[in-house]
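target.cif follows; it contains mmCIF, C-alpha atoms.
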data_input
#
loop_
_atom_site.label_atom_id
_atom_site.label_comp_id
_atom_site.auth_asym_id
_atom_site.auth_seq_id
_atom_site.Cartn_x
_atom_site.Cartn_y
_atom_site.Cartn_z
CA MET I 819 100.86 129.05 23.52
CA SER I 820 101.74 130.79 26.71
CA SER I 821 101.60 128.83 29.93
CA VAL I 822 98.63 128.97 32.28
CA ARG I 823 99.16 131.76 34.76
CA ILE I 824 98.73 131.49 38.50
CA ILE I 825 97.86 134.93 39.83
CA PRO I 826 97.63 135.72 43.54
CA CYS I 827 95.13 138.47 44.28
CA LEU I 828 95.85 140.79 47.15
CA ASP I 829 92.93 142.90 48.36
CA ILE I 830 94.42 146.09 49.73
CA ARG I 831 92.82 148.34 52.31
CA GLU I 832 94.72 151.06 54.16
CA GLY I 833 97.99 149.48 53.05
CA LYS I 834 97.13 145.98 54.33
CA VAL I 835 96.12 142.78 52.56
CA VAL I 836 92.61 141.59 53.33
CA LYS I 837 90.23 139.17 51.62
CA GLY I 838 86.46 139.22 51.63
CA VAL I 839 84.14 136.26 51.65
CA HIS I 840 81.09 136.89 49.46
CA PHE I 841 82.48 140.46 49.30
CA GLU I 842 81.82 140.88 53.04
CA ASN I 843 83.30 139.81 56.41
CA ILE I 844 86.80 141.05 55.73
CA ARG I 845 89.71 139.37 57.48
CA GLU I 846 93.30 140.58 57.63
CA ALA I 847 96.13 138.65 55.95
CA GLY I 848 99.36 140.64 56.07
CA ASP I 849 101.74 143.14 54.53
CA PRO I 850 101.43 143.67 50.75
CA VAL I 851 105.14 144.07 49.93
CA GLU I 852 106.05 140.95 51.92
CA ASN I 853 103.17 139.05 50.32
CA ALA I 854 104.20 140.12 46.84
CA LYS I 855 107.86 139.18 47.40
CA PHE I 856 106.83 135.85 48.85
CA TYR I 857 104.58 135.02 45.88
CA CYS I 858 107.19 136.18 43.37
CA GLU I 859 109.76 133.86 44.96
CA GLU I 860 107.19 131.07 44.82
CA ASN I 861 106.99 131.59 41.04
CA ALA I 862 103.72 133.50 40.80
CA ASP I 863 103.16 134.62 37.21
CA GLU I 864 101.57 137.96 38.02
CA ILE I 865 100.12 139.74 41.00
CA VAL I 866 96.77 141.52 41.18
CA PHE I 867 96.06 144.22 43.74
CA LEU I 868 92.46 145.09 44.38
CA ASP I 869 92.18 148.43 46.10
CA ILE I 870 89.11 148.27 48.31
CA ASN I 871 89.58 151.71 49.88
CA ALA I 872 86.72 154.11 50.08
CA THR I 873 88.78 157.15 51.07
CA ILE I 874 91.18 159.39 49.16
CA GLU I 875 93.87 158.83 51.81
CA GLY I 876 93.49 155.11 51.37
CA ARG I 877 93.91 155.53 47.62
CA LYS I 878 97.22 157.35 48.11
CA THR I 879 98.41 154.52 50.36
CA THR I 880 97.69 152.12 47.51
CA LEU I 881 99.85 154.13 45.10
CA ASP I 882 102.69 153.89 47.64
CA VAL I 883 102.11 150.16 48.04
CA VAL I 884 102.30 149.62 44.26
CA LYS I 885 105.48 151.69 44.04
CA LYS I 886 107.18 149.79 46.84
CA VAL I 887 106.22 146.46 45.30
CA ALA I 888 107.29 147.49 41.78
CA GLU I 889 110.76 148.38 43.07
CA VAL I 890 111.47 144.87 44.25
CA VAL I 891 109.15 142.54 42.32
CA PHE I 892 109.80 142.07 38.59
CA ILE I 893 106.68 140.31 37.40
CA PRO I 894 103.53 141.96 36.02
CA LEU I 895 101.40 143.90 38.49
CA THR I 896 97.72 144.60 37.91
CA VAL I 897 95.80 147.10 40.01
CA GLY I 898 92.03 147.39 40.22
CA GLY I 899 89.40 148.93 42.45
CA GLY I 900 87.69 152.31 42.24
CA ILE I 901 89.24 153.32 38.93
CA SER I 902 86.93 155.83 37.28
CA CYS I 903 88.94 157.98 34.83
CA VAL I 904 92.00 158.07 32.59
CA LYS I 905 93.86 160.10 35.21
CA ASP I 906 93.44 157.32 37.81
CA ILE I 907 94.94 154.90 35.31
CA GLU I 908 97.82 157.20 34.48
CA GLU I 909 98.71 157.66 38.17
CA LEU I 910 98.73 153.93 38.80
CA LEU I 911 100.85 153.23 35.74
CA LYS I 912 103.32 155.88 36.86
CA SER I 913 103.51 154.14 40.23
CA GLY I 914 104.55 150.89 38.60
CA ALA I 915 101.32 149.10 37.70
CA ASP I 916 101.53 147.27 34.37
CA LYS I 917 97.85 146.62 33.91
CA ILE I 918 94.73 148.28 35.20
CA SER I 919 91.54 146.44 35.99
CA ILE I 920 88.30 148.37 35.50
CA ASN I 921 84.94 147.12 36.73
CA THR I 922 82.07 149.46 37.70
CA ALA I 923 83.35 152.39 35.63
CA ALA I 924 83.51 150.24 32.50
CA VAL I 925 79.80 149.45 32.81
CA LYS I 926 78.77 153.02 33.65
CA ASN I 927 81.04 154.57 31.04
CA PRO I 928 82.19 152.09 28.39
CA SER I 929 84.07 154.80 26.49
CA LEU I 930 86.55 154.88 29.40
CA VAL I 931 87.74 151.47 28.23
CA SER I 932 88.22 152.52 24.61
CA GLU I 933 89.90 155.78 25.63
CA ALA I 934 92.27 153.96 27.97
CA VAL I 935 93.05 151.36 25.31
CA LYS I 936 93.82 154.08 22.77
CA LYS I 937 96.16 155.83 25.18
CA PHE I 938 97.87 152.93 26.92
CA GLY I 939 97.29 149.91 24.68
CA SER I 940 95.06 146.83 24.93
CA GLN I 941 97.64 144.85 26.88
CA CYS I 942 97.28 147.37 29.68
CA ILE I 943 93.52 147.28 30.20
CA VAL I 944 91.72 144.46 31.97
CA VAL I 945 87.96 144.57 32.41
CA ALA I 946 86.76 142.84 35.56
CA ILE I 947 83.30 141.31 35.37
CA ASP I 948 81.45 140.19 38.50
CA ALA I 949 78.87 137.64 37.45
CA LYS I 950 75.86 136.19 39.25
CA LYS I 951 73.93 133.23 37.95
CA VAL I 952 70.36 133.93 36.84
CA THR I 953 69.30 130.75 35.04
CA LYS I 954 71.13 127.56 34.09
CA ASP I 955 72.62 129.27 31.08
CA SER I 956 72.73 132.97 31.88
CA TRP I 957 74.55 135.28 34.25
CA GLU I 958 74.03 138.92 35.18
CA VAL I 959 76.73 141.58 35.51
CA TYR I 960 76.94 143.11 38.99
CA ILE I 961 78.82 146.29 39.85
CA GLU I 962 79.85 148.27 42.93
CA SER I 963 81.65 145.38 44.64
CA GLY I 964 78.98 142.92 43.63
CA LYS I 965 76.16 144.85 45.30
CA THR I 966 74.32 146.35 42.33
CA PRO I 967 72.67 144.30 39.59
CA THR I 968 72.82 145.90 36.14
CA GLY I 969 70.44 143.80 34.08
CA ILE I 970 73.29 143.22 31.62
CA ASP I 971 73.99 139.72 30.36
CA VAL I 972 77.55 138.57 31.09
CA LYS I 973 78.20 136.93 27.73
CA GLU I 974 77.02 140.03 25.84
CA TRP I 975 79.04 142.32 28.07
CA ALA I 976 82.15 140.19 27.58
CA LYS I 977 81.76 140.50 23.81
CA LYS I 978 81.29 144.25 24.13
CA VAL I 979 84.39 144.51 26.35
CA GLU I 980 86.40 142.77 23.66
CA GLU I 981 85.08 145.19 21.03
CA LEU I 982 86.04 148.13 23.24
CA GLY I 983 89.62 146.85 23.01
CA ALA I 984 90.27 145.43 26.48
CA GLY I 985 93.20 143.01 26.54
CA GLU I 986 91.79 140.59 29.12
CA ILE I 987 88.71 139.74 31.14
CA LEU I 988 88.92 139.02 34.84
CA LEU I 989 85.79 136.99 35.46
CA THR I 990 84.56 136.49 39.01
CA SER I 991 81.65 134.33 40.03
CA ILE I 992 79.91 136.10 42.90
CA ASP I 993 78.06 132.88 43.74
CA ARG I 994 81.32 130.97 44.21
CA ASP I 995 83.61 133.66 45.61
CA GLY I 996 84.91 132.66 49.03
CA THR I 997 83.00 129.37 49.10
CA ASN I 998 85.86 126.97 48.19
CA ARG I 999 83.28 124.98 46.16
CA GLY I 1000 85.15 125.37 42.90
CA TYR I 1001 84.94 127.81 40.02
CA ASP I 1002 81.78 128.34 38.00
CA ILE I 1003 83.07 126.25 35.08
CA GLU I 1004 80.07 126.87 32.83
CA LEU I 1005 80.33 130.64 33.24
CA THR I 1006 84.05 130.60 32.49
CA ARG I 1007 83.68 128.36 29.46
CA LYS I 1008 80.75 130.31 28.00
CA VAL I 1009 82.70 133.57 28.22
CA SER I 1010 86.03 132.15 27.08
CA GLU I 1011 84.53 130.44 24.06
CA ASN I 1012 82.81 133.66 23.05
CA VAL I 1013 85.82 136.03 23.05
CA LYS I 1014 89.32 136.01 21.57
CA ILE I 1015 90.93 137.78 24.52
CA PRO I 1016 92.25 135.79 27.50
CA VAL I 1017 89.92 135.10 30.42
CA ILE I 1018 91.17 134.95 34.01
CA ALA I 1019 88.91 132.80 36.19
CA SER I 1020 88.19 133.91 39.73
CA GLY I 1021 86.06 132.91 42.69
CA GLY I 1022 85.59 129.57 44.38
CA ALA I 1023 88.90 127.70 44.23
CA GLY I 1024 89.00 125.23 47.12
CA ASN I 1025 91.31 122.48 45.93
CA LEU I 1026 93.81 121.66 43.19
CA GLN I 1027 91.34 119.78 41.01
CA HIS I 1028 89.17 122.92 40.83
CA LEU I 1029 92.07 124.66 39.09
CA VAL I 1030 92.58 121.83 36.60
CA ASP I 1031 88.85 121.86 35.83
CA VAL I 1032 88.59 125.59 35.19
CA VAL I 1033 91.53 125.43 32.80
CA LYS I 1034 90.58 122.24 30.98
CA LYS I 1035 86.80 122.49 31.00
CA GLY I 1036 86.40 126.23 31.58
CA LYS I 1037 89.12 127.18 29.04
CA ALA I 1038 90.58 129.80 31.37
CA SER I 1039 93.96 131.28 30.38
CA ALA I 1040 94.79 132.10 33.97
CA VAL I 1041 93.47 131.63 37.48
CA LEU I 1042 93.18 134.19 40.22
CA LEU I 1043 93.72 132.98 43.78
CA ALA I 1044 93.33 134.68 47.14
CA SER I 1045 92.35 132.86 50.35
CA LEU I 1046 93.69 129.54 49.05
CA LEU I 1047 97.12 131.13 48.97
CA HIS I 1048 96.89 133.73 51.72
CA PHE I 1049 96.08 131.15 54.35
CA ARG I 1050 98.79 128.84 52.95
CA LYS I 1051 96.47 125.99 52.11
CA TYR I 1052 98.64 125.34 49.03
CA SER I 1053 101.86 126.86 47.75
CA ILE I 1054 102.12 128.08 44.16
CA LEU I 1055 104.80 125.44 43.59
CA GLU I 1056 102.42 122.68 44.71
CA ILE I 1057 99.69 124.10 42.47
CA LYS I 1058 101.97 124.24 39.43
CA LYS I 1059 103.24 120.74 40.04
CA TYR I 1060 99.69 119.41 40.15
CA LEU I 1061 98.66 121.27 36.99
CA ALA I 1062 101.76 119.99 35.16
CA GLN I 1063 100.95 116.41 36.25
CA ASN I 1064 97.56 116.93 34.65
CA GLY I 1065 99.03 117.96 31.32
CA ILE I 1066 98.67 121.73 31.74
CA GLU I 1067 101.66 123.85 30.75
CA VAL I 1068 102.92 126.03 33.59
CA ARG I 1069 106.06 128.07 33.97
CA MET Q 1094 123.83 156.19 32.13
CA VAL Q 1095 120.94 154.31 30.57
CA GLY Q 1096 118.46 156.62 28.86
CA ILE Q 1097 114.81 155.53 28.73
CA ILE Q 1098 112.71 157.14 25.99
CA ASN Q 1099 109.71 158.61 27.81
CA TYR Q 1100 106.64 158.85 25.58
CA GLY Q 1101 104.65 160.23 28.49
CA ALA Q 1102 102.08 157.43 28.50
CA GLY Q 1103 102.14 154.20 30.44
CA ASN Q 1104 104.45 152.43 32.79
CA ILE Q 1105 108.16 153.17 32.68
CA PHE Q 1106 108.59 152.74 36.42
CA SER Q 1107 109.29 149.00 36.05
CA ILE Q 1108 112.04 149.38 33.48
CA TYR Q 1109 113.48 152.24 35.56
CA SER Q 1110 113.55 150.04 38.69
CA ALA Q 1111 114.93 147.06 36.76
CA ILE Q 1112 117.83 149.13 35.37
CA LYS Q 1113 118.63 150.28 38.92
CA ILE Q 1114 118.53 146.70 40.25
CA CYS Q 1115 121.03 145.76 37.49
CA GLY Q 1116 123.45 148.31 38.96
CA CYS Q 1117 123.10 150.96 36.22
CA THR Q 1118 121.87 154.54 36.43
CA PRO Q 1119 118.61 155.17 34.53
CA PHE Q 1120 117.33 158.55 33.40
CA LEU Q 1121 114.42 159.65 31.23
CA ILE Q 1122 114.94 160.93 27.71
CA GLU Q 1123 112.39 163.67 27.00
CA ASN Q 1124 114.03 165.40 24.01
CA SER Q 1125 116.68 164.80 21.36
CA LYS Q 1126 119.44 166.53 23.38
CA ASP Q 1127 119.04 164.04 26.25
CA ILE Q 1128 120.05 161.19 23.95
CA LYS Q 1129 123.64 162.41 23.73
CA LYS Q 1130 123.96 161.91 27.51
CA ALA Q 1131 122.90 158.28 27.28
CA GLY Q 1132 125.54 155.59 26.99
CA ILE Q 1133 122.76 153.13 26.25
CA ILE Q 1134 119.29 153.86 24.84
CA VAL Q 1135 116.20 151.89 25.86
CA ILE Q 1136 112.79 152.22 24.17
CA PRO Q 1137 110.21 150.63 26.48
CA GLY Q 1138 107.10 148.93 25.18
CA VAL Q 1139 104.23 151.29 25.71
CA GLY Q 1140 101.17 152.28 23.68
CA ALA Q 1141 100.40 152.13 19.99
CA PHE Q 1142 102.75 152.18 16.97
CA ASP Q 1143 101.66 155.55 15.55
CA ASP Q 1144 101.71 157.24 18.96
CA GLY Q 1145 105.27 156.01 19.47
CA MET Q 1146 106.40 157.12 16.01
CA ASN Q 1147 104.64 160.47 16.36
CA PHE Q 1148 106.57 161.12 19.54
CA LEU Q 1149 109.88 160.10 17.94
CA ILE Q 1150 109.23 162.34 14.90
CA LYS Q 1151 107.84 165.34 16.79
CA THR Q 1152 110.74 165.45 19.24
CA GLY Q 1153 113.36 164.67 16.62
CA ILE Q 1154 114.43 161.74 18.83
CA GLY Q 1155 113.90 159.26 15.99
CA GLU Q 1156 116.51 160.83 13.71
CA VAL Q 1157 119.05 161.21 16.54
CA ILE Q 1158 118.55 157.58 17.52
CA LYS Q 1159 119.32 156.46 13.96
CA THR Q 1160 122.54 158.52 13.89
CA GLU Q 1161 123.63 157.36 17.35
CA ILE Q 1162 122.95 153.71 16.53
CA LYS Q 1163 125.06 154.01 13.37
CA ARG Q 1164 127.87 155.37 15.52
CA GLY Q 1165 127.68 152.22 17.60
CA LYS Q 1166 125.64 153.33 20.62
CA PHE Q 1167 123.91 150.36 22.29
CA PHE Q 1168 120.16 150.22 21.85
CA LEU Q 1169 117.47 148.03 23.40
CA GLY Q 1170 113.91 148.07 22.08
CA ILE Q 1171 111.30 146.34 24.24
CA CYS Q 1172 107.95 145.13 22.81
CA LEU Q 1173 106.69 148.17 20.83
CA GLY Q 1174 110.33 149.35 21.04
CA LEU Q 1175 111.33 146.33 18.94
CA GLN Q 1176 108.46 146.89 16.49
CA LEU Q 1177 109.43 150.54 15.89
CA LEU Q 1178 112.77 149.33 14.49
CA PHE Q 1179 111.01 147.90 11.43
CA GLN Q 1180 109.67 149.60 8.29
CA LYS Q 1181 105.93 149.43 8.81
CA SER Q 1182 103.25 148.02 11.07
CA GLU Q 1183 99.74 146.79 10.43
CA GLU Q 1184 98.84 148.67 13.62
CA GLY Q 1185 99.53 152.13 12.18
CA ASN Q 1186 99.96 154.29 9.11
CA LEU Q 1187 103.30 155.92 9.87
CA ASN Q 1188 106.61 154.45 8.76
CA GLY Q 1189 108.77 152.91 11.45
CA LEU Q 1190 112.44 153.74 12.00
CA GLY Q 1191 113.35 151.30 9.21
CA ILE Q 1192 116.55 150.13 10.88
CA PHE Q 1193 115.55 146.52 10.23
CA ASP Q 1194 113.86 145.11 7.11
CA GLY Q 1195 110.43 143.71 7.75
CA ILE Q 1196 106.83 144.44 8.59
CA VAL Q 1197 105.02 144.24 11.91
CA LYS Q 1198 101.93 142.06 11.58
CA LYS Q 1199 98.87 141.40 13.73
CA PHE Q 1200 98.23 137.96 15.16
CA SER Q 1201 95.15 136.74 13.38
CA PHE Q 1202 93.75 133.29 14.09
CA SER Q 1203 90.38 131.90 13.10
CA ASP Q 1204 90.43 129.57 16.14
CA ILE Q 1205 88.96 131.56 19.05
CA SER Q 1206 90.85 129.44 21.56
CA ILE Q 1207 94.17 130.95 20.37
CA LYS Q 1208 93.99 134.09 22.43
CA VAL Q 1209 95.06 137.54 21.26
CA PRO Q 1210 96.73 139.52 22.84
CA HIS Q 1211 99.42 136.91 23.38
CA MET Q 1212 99.49 137.47 27.11
CA GLY Q 1213 101.60 135.66 29.64
CA TRP Q 1214 104.77 133.60 30.02
CA ASN Q 1215 106.12 131.77 27.03
CA LYS Q 1216 109.35 130.03 26.05
CA VAL Q 1217 112.14 131.68 24.09
CA LYS Q 1218 114.10 129.22 21.98
CA GLN Q 1219 117.67 130.39 21.56
CA GLU Q 1220 118.38 130.13 17.83
CA LYS Q 1221 122.06 130.98 18.02
CA LYS Q 1222 124.67 131.44 20.70
CA ASN Q 1223 124.98 134.95 22.03
CA ILE Q 1224 126.61 136.55 25.06
CA LEU Q 1225 123.18 137.96 26.00
CA PHE Q 1226 122.09 134.39 26.82
CA SER Q 1227 124.76 133.95 29.53
CA ASN Q 1228 123.27 132.17 32.55
CA ILE Q 1229 119.89 131.82 30.85
CA PRO Q 1230 118.89 128.24 29.99
CA ASP Q 1231 117.48 127.59 26.51
CA ASN Q 1232 113.65 127.64 26.42
CA SER Q 1233 113.34 129.79 29.53
CA TYR Q 1234 110.03 131.57 30.05
CA PHE Q 1235 109.66 135.31 29.51
CA TYR Q 1236 106.61 137.57 29.89
CA PHE Q 1237 104.78 138.66 26.73
CA ALA Q 1238 101.87 141.09 26.27
CA HIS Q 1239 101.32 141.96 22.60
CA SER Q 1240 99.02 141.54 19.58
CA TYR Q 1241 101.63 142.30 16.89
CA TYR Q 1242 104.90 140.61 15.94
CA ALA Q 1243 107.75 141.43 13.57
CA ASP Q 1244 107.91 139.51 10.31
CA VAL Q 1245 111.66 139.78 9.81
CA ASN Q 1246 113.16 139.71 6.29
CA ARG Q 1247 116.78 138.97 7.17
CA LYS Q 1248 116.64 135.75 9.18
CA GLU Q 1249 120.24 136.13 10.35
CA ILE Q 1250 119.21 138.79 12.90
CA ILE Q 1251 116.82 136.36 14.64
CA TYR Q 1252 118.32 135.04 17.89
CA GLY Q 1253 115.18 134.01 19.76
CA ILE Q 1254 111.98 132.36 18.59
CA THR Q 1255 108.68 131.93 20.42
CA LYS Q 1256 105.60 129.97 19.44
CA HIS Q 1257 102.09 131.31 19.84
CA HIS Q 1258 100.28 129.07 17.39
CA ILE Q 1259 102.81 130.36 14.83
CA GLU Q 1260 106.52 130.93 15.43
CA PHE Q 1261 107.62 134.55 15.61
CA PRO Q 1262 110.96 136.27 16.36
CA SER Q 1263 111.15 137.17 20.05
CA ILE Q 1264 114.75 138.40 20.01
CA VAL Q 1265 116.50 140.21 17.14
CA ILE Q 1266 120.13 141.29 17.39
CA GLU Q 1267 122.49 143.03 15.02
CA ASN Q 1268 125.76 144.32 16.47
CA ASN Q 1269 124.78 147.05 18.96
CA ILE Q 1270 121.04 146.87 18.25
CA VAL Q 1271 118.85 144.53 20.31
CA GLY Q 1272 115.09 144.12 20.16
CA VAL Q 1273 112.98 141.88 22.39
CA GLN Q 1274 109.27 141.20 21.99
CA PHE Q 1275 108.91 140.14 25.65
CA HIS Q 1276 109.28 142.38 28.70
CA PRO Q 1277 112.62 141.58 30.38
CA GLU Q 1278 111.75 144.01 33.19
CA LYS Q 1279 108.69 141.86 33.98
CA SER Q 1280 110.22 138.44 33.37
CA GLY Q 1281 111.54 137.65 36.83
CA LYS Q 1282 115.12 136.48 37.33
CA TYR Q 1283 115.88 135.53 33.71
CA GLY Q 1284 114.52 138.85 32.51
CA LEU Q 1285 116.83 140.69 34.87
CA GLN Q 1286 119.70 138.40 33.82
CA PHE Q 1287 119.07 139.31 30.18
CA LEU Q 1288 119.16 143.02 31.02
CA LYS Q 1289 122.37 142.56 33.06
CA ASN Q 1290 123.99 140.70 30.16
CA PHE Q 1291 122.97 143.49 27.78
CA PHE Q 1292 124.31 146.24 30.02
CA LEU Q 1293 127.59 144.37 30.66
CA THR Q 1294 128.11 143.86 26.91
CA SER Q 1295 127.28 147.49 26.18
CA LEU Q 1296 129.75 148.79 28.75
CA LYS Q 1297 132.66 146.69 27.50
#

Here is a file; write its structure as structure tokens.
Amino acid sequence: MSSVRIIPCLDIREGKVVKGVHFENIREAGDPVENAKFYCEENADEIVFLDINATIEGRKTTLDVVKKVAEVVFIPLTVGGGISCVKDIEELLKSGADKISINTAAVKNPSLVSEAVKKFGSQCIVVAIDAKKVTKDSWEVYIESGKTPTGIDVKEWAKKVEELGAGEILLTSIDRDGTNRGYDIELTRKVSENVKIPVIASGGAGNLQHLVDVVKKGKASAVLLASLLHFRKYSILEIKKYLAQNGIEVR
Amino acid sequence: MVGIINYGAGNIFSIYSAIKICGCTPFLIENSKDIKKAGIIVIPGVGAFDDGMNFLIKTGIGEVIKTEIKRGKFFLGICLGLQLLFQKSEEGNLNGLGIFDGIVKKFSFSDISIKVPHMGWNKVKQEKKNILFSNIPDNSYFYFAHSYYADVNRKEIIYGITKHHIEFPSIVIENNIVGVQFHPEKSGKYGLQFLKNFFLTSLK
């Protein structure tokens, strides 16, 4: 089995790293290339860039950012945010992205996922799911940066995403994102136990035990981290040491 | 000059950058003539088996590769690039290059907790000594992203083994031909070391 991956997530806007709390109140946290190099040296297993630009100019800046990072950082790079067609994917891959994360467009146009998989392979396509709790045992898919409810059940959508050929699911709990209260373990476990493809857990990490729990109880294959890392609360080395002490294989 | 076969789909920027970092000069191979210019040929791991084979057949690159490899030109196949070296794949209908004996099979596990694709960092056990392992400790981690693996007939070409529920060959080597199931260009310092070792050996 492959080791559990620790994946820093860099939200990019106008060429800078930012991170939202509850998808709002954005604060600045530094230069993307420097961040990526720093995390790579700290033994990060992958890096995710979320492009939160609204403008076309901003989008071009992101392509440049990816290119600059891919020239100096030799670990997998995933890019997500505002991807709506095969051409967007192609441009990002040409700029050095290894995987593309699709969220809103996958819900609005599921055939985009199957088309992209056919052209670029499953390993290349990640579907990001933003989930909000409805009842004790059910979650709803939200799109458009977590603003728009879709009425779609998360577990069913995850299954569908797998059928469409996506290689991974990046699962974010909107309720927990930015709260530091820990991952939504139930959500992660319910999705992970229902699909064969790997699930990356995201949203809510506040301490090291949260990470152990989402891997052991939530069955996550990887964890996505932002503020916990950006504000240097823990280093990746500290995180990996703690996971290893708890019997979780890390690189 | 290190020639990278460019199928026109997917990410070849990483392998291009990695070759540069290793001190070599990469260029893209778009047609069969370009291959002659390459001192070393690299097939990156991109897309599906039939798409890859279609490209190699349509452009005539496949036949030229086979001739050049027989003449002793150094060849590195990454991920799908390794799989194309074999006779057939469960992923497609077309025949592979058939340079190695064996069939490419899909990971298929009844236990849903064994995830497919095999995605992430996993250990490569070095089965035999080889110069390509210089400065790389045994059981180092490399980055994998695949759903298919080569079921190799001639075990003597297996130099690296990785376990994802079952053991599969992650490195095959025969003389000037090298195939790796992981992505050395995405495997941090040991990945780059592997590429450097390969280029140094090829240039000797």

With the PyMOL selection byres ((chain Q) within 10 of (chain I)) as the selection, what would be picked from this file? Answer as a VMD selection string, please. chain Q and resid 1101 to 1111 1113 to 1114 1138 to 1142 1144 1202 to 1216 1233 to 1240 1255 to 1259 1276 to 1282 1284 to 1285

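For the choices Q:Lys1289, Q:Gln1180, Q:Asn1228, Q:Lys1166, the atom-to-atom distance to Q:Asn1268 is smallest for Q:Lys1166 when using all atoms listed in the file.
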
Please provide as a ChimeraX atom specification all residues within 9 Å of Q:Gly1189, with the sequence filter that same-chain residues fewer than 4 positions apart are discarded (counting only C-alpha atoms). /Q:1142-1143,1146,1176-1182

For I:Ala1044, work out the shell of residues within 9 Å, counting all atoms listed in the file and skipping chain neighbours fewer than 3 positions away, then give it as number ranges by chain. I: 825-829, 837, 996, 1021, 1023, 1047-1049

Find the residues near stretch 1169-1175 of chain Q: any atom within 6 Å, counting only C-alpha atoms, skip ones fewer than 4 places away on the same chain, and give them as a PyMOL selection string. chain Q and resi 1135-1138+1271-1275

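Here atom CA of Q:Leu1225 stands at a distance of 25.3 Å from atom CA of Q:Gly1155.
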
Residue members of the PyMOL selection byres ((chain I and resi 965-967) around 10) in the file shown, as a list in words: Phe841, Thr922, Asp948, Ala949, Lys950, Glu958, Val959, Tyr960, Ile961, Glu962, Ser963, Gly964, Thr968, Gly969, Ile970 and Ile992 of chain I

Just the selected residues (C-alpha atoms), exported as a CSV table (one decimal), in the frame of the given file, please.
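Final output, part21.csv:
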chain,number,residue,atom,x,y,z
I,841,PHE,CA,82.5,140.5,49.3
I,922,THR,CA,82.1,149.5,37.7
I,948,ASP,CA,81.4,140.2,38.5
I,949,ALA,CA,78.9,137.6,37.4
I,950,LYS,CA,75.9,136.2,39.2
I,958,GLU,CA,74.0,138.9,35.2
I,959,VAL,CA,76.7,141.6,35.5
I,960,TYR,CA,76.9,143.1,39.0
I,961,ILE,CA,78.8,146.3,39.8
I,962,GLU,CA,79.8,148.3,42.9
I,963,SER,CA,81.6,145.4,44.6
I,964,GLY,CA,79.0,142.9,43.6
I,968,THR,CA,72.8,145.9,36.1
I,969,GLY,CA,70.4,143.8,34.1
I,970,ILE,CA,73.3,143.2,31.6
I,992,ILE,CA,79.9,136.1,42.9

Working from the structure I just supplied, which lacks atoms in stretch 1019-1031 of chain I, can you model N, CA and C atoms there and output them as a PDB file, in the frame of the given file?
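Written out: selection_3.pdb:
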ATOM      1  N   ALA I1019      90.020 133.297  35.369  1.00  0.00           N
ATOM      2  CA  ALA I1019      88.910 132.800  36.190  1.00  0.00           C
ATOM      3  C   ALA I1019      89.142 133.149  37.653  1.00  0.00           C
ATOM      4  N   SER I1020      88.075 133.520  38.328  1.00  0.00           N
ATOM      5  CA  SER I1020      88.190 133.910  39.730  1.00  0.00           C
ATOM      6  C   SER I1020      86.949 133.531  40.517  1.00  0.00           C
ATOM      7  N   GLY I1021      87.164 133.156  41.782  1.00  0.00           N
ATOM      8  CA  GLY I1021      86.060 132.910  42.690  1.00  0.00           C
ATOM      9  C   GLY I1021      85.699 131.453  42.863  1.00  0.00           C
ATOM     10  N   GLY I1022      86.069 130.897  44.013  1.00  0.00           N
ATOM     11  CA  GLY I1022      85.590 129.570  44.380  1.00  0.00           C
ATOM     12  C   GLY I1022      86.624 128.476  44.509  1.00  0.00           C
ATOM     13  N   ALA I1023      87.889 128.755  44.165  1.00  0.00           N
ATOM     14  CA  ALA I1023      88.900 127.700  44.230  1.00  0.00           C
ATOM     15  C   ALA I1023      89.032 127.155  45.649  1.00  0.00           C
ATOM     16  N   GLY I1024      88.877 125.843  45.802  1.00  0.00           N
ATOM     17  CA  GLY I1024      89.000 125.230  47.120  1.00  0.00           C
ATOM     18  C   GLY I1024      90.025 124.116  47.147  1.00  0.00           C
ATOM     19  N   ASN I1025      90.280 123.507  45.989  1.00  0.00           N
ATOM     20  CA  ASN I1025      91.310 122.480  45.930  1.00  0.00           C
ATOM     21  C   ASN I1025      91.988 122.486  44.555  1.00  0.00           C
ATOM     22  N   LEU I1026      93.001 121.615  44.406  1.00  0.00           N
ATOM     23  CA  LEU I1026      93.810 121.660  43.190  1.00  0.00           C
ATOM     24  C   LEU I1026      93.035 121.209  41.954  1.00  0.00           C
ATOM     25  N   GLN I1027      92.117 120.250  42.146  1.00  0.00           N
ATOM     26  CA  GLN I1027      91.340 119.780  41.010  1.00  0.00           C
ATOM     27  C   GLN I1027      90.448 120.886  40.433  1.00  0.00           C
ATOM     28  N   HIS I1028      89.975 121.786  41.312  1.00  0.00           N
ATOM     29  CA  HIS I1028      89.170 122.920  40.830  1.00  0.00           C
ATOM     30  C   HIS I1028      89.935 123.726  39.789  1.00  0.00           C
ATOM     31  N   LEU I1029      91.252 123.871  40.016  1.00  0.00           N
ATOM     32  CA  LEU I1029      92.070 124.660  39.090  1.00  0.00           C
ATOM     33  C   LEU I1029      92.221 123.938  37.759  1.00  0.00           C
ATOM     34  N   VAL I1030      92.466 122.632  37.826  1.00  0.00           N
ATOM     35  CA  VAL I1030      92.580 121.830  36.600  1.00  0.00           C
ATOM     36  C   VAL I1030      91.284 121.948  35.803  1.00  0.00           C
ATOM     37  N   ASP I1031      90.150 121.830  36.506  1.00  0.00           N
ATOM     38  CA  ASP I1031      88.850 121.860  35.830  1.00  0.00           C
ATOM     39  C   ASP I1031      88.582 123.195  35.125  1.00  0.00           C
TER      40      ASP I1031
END
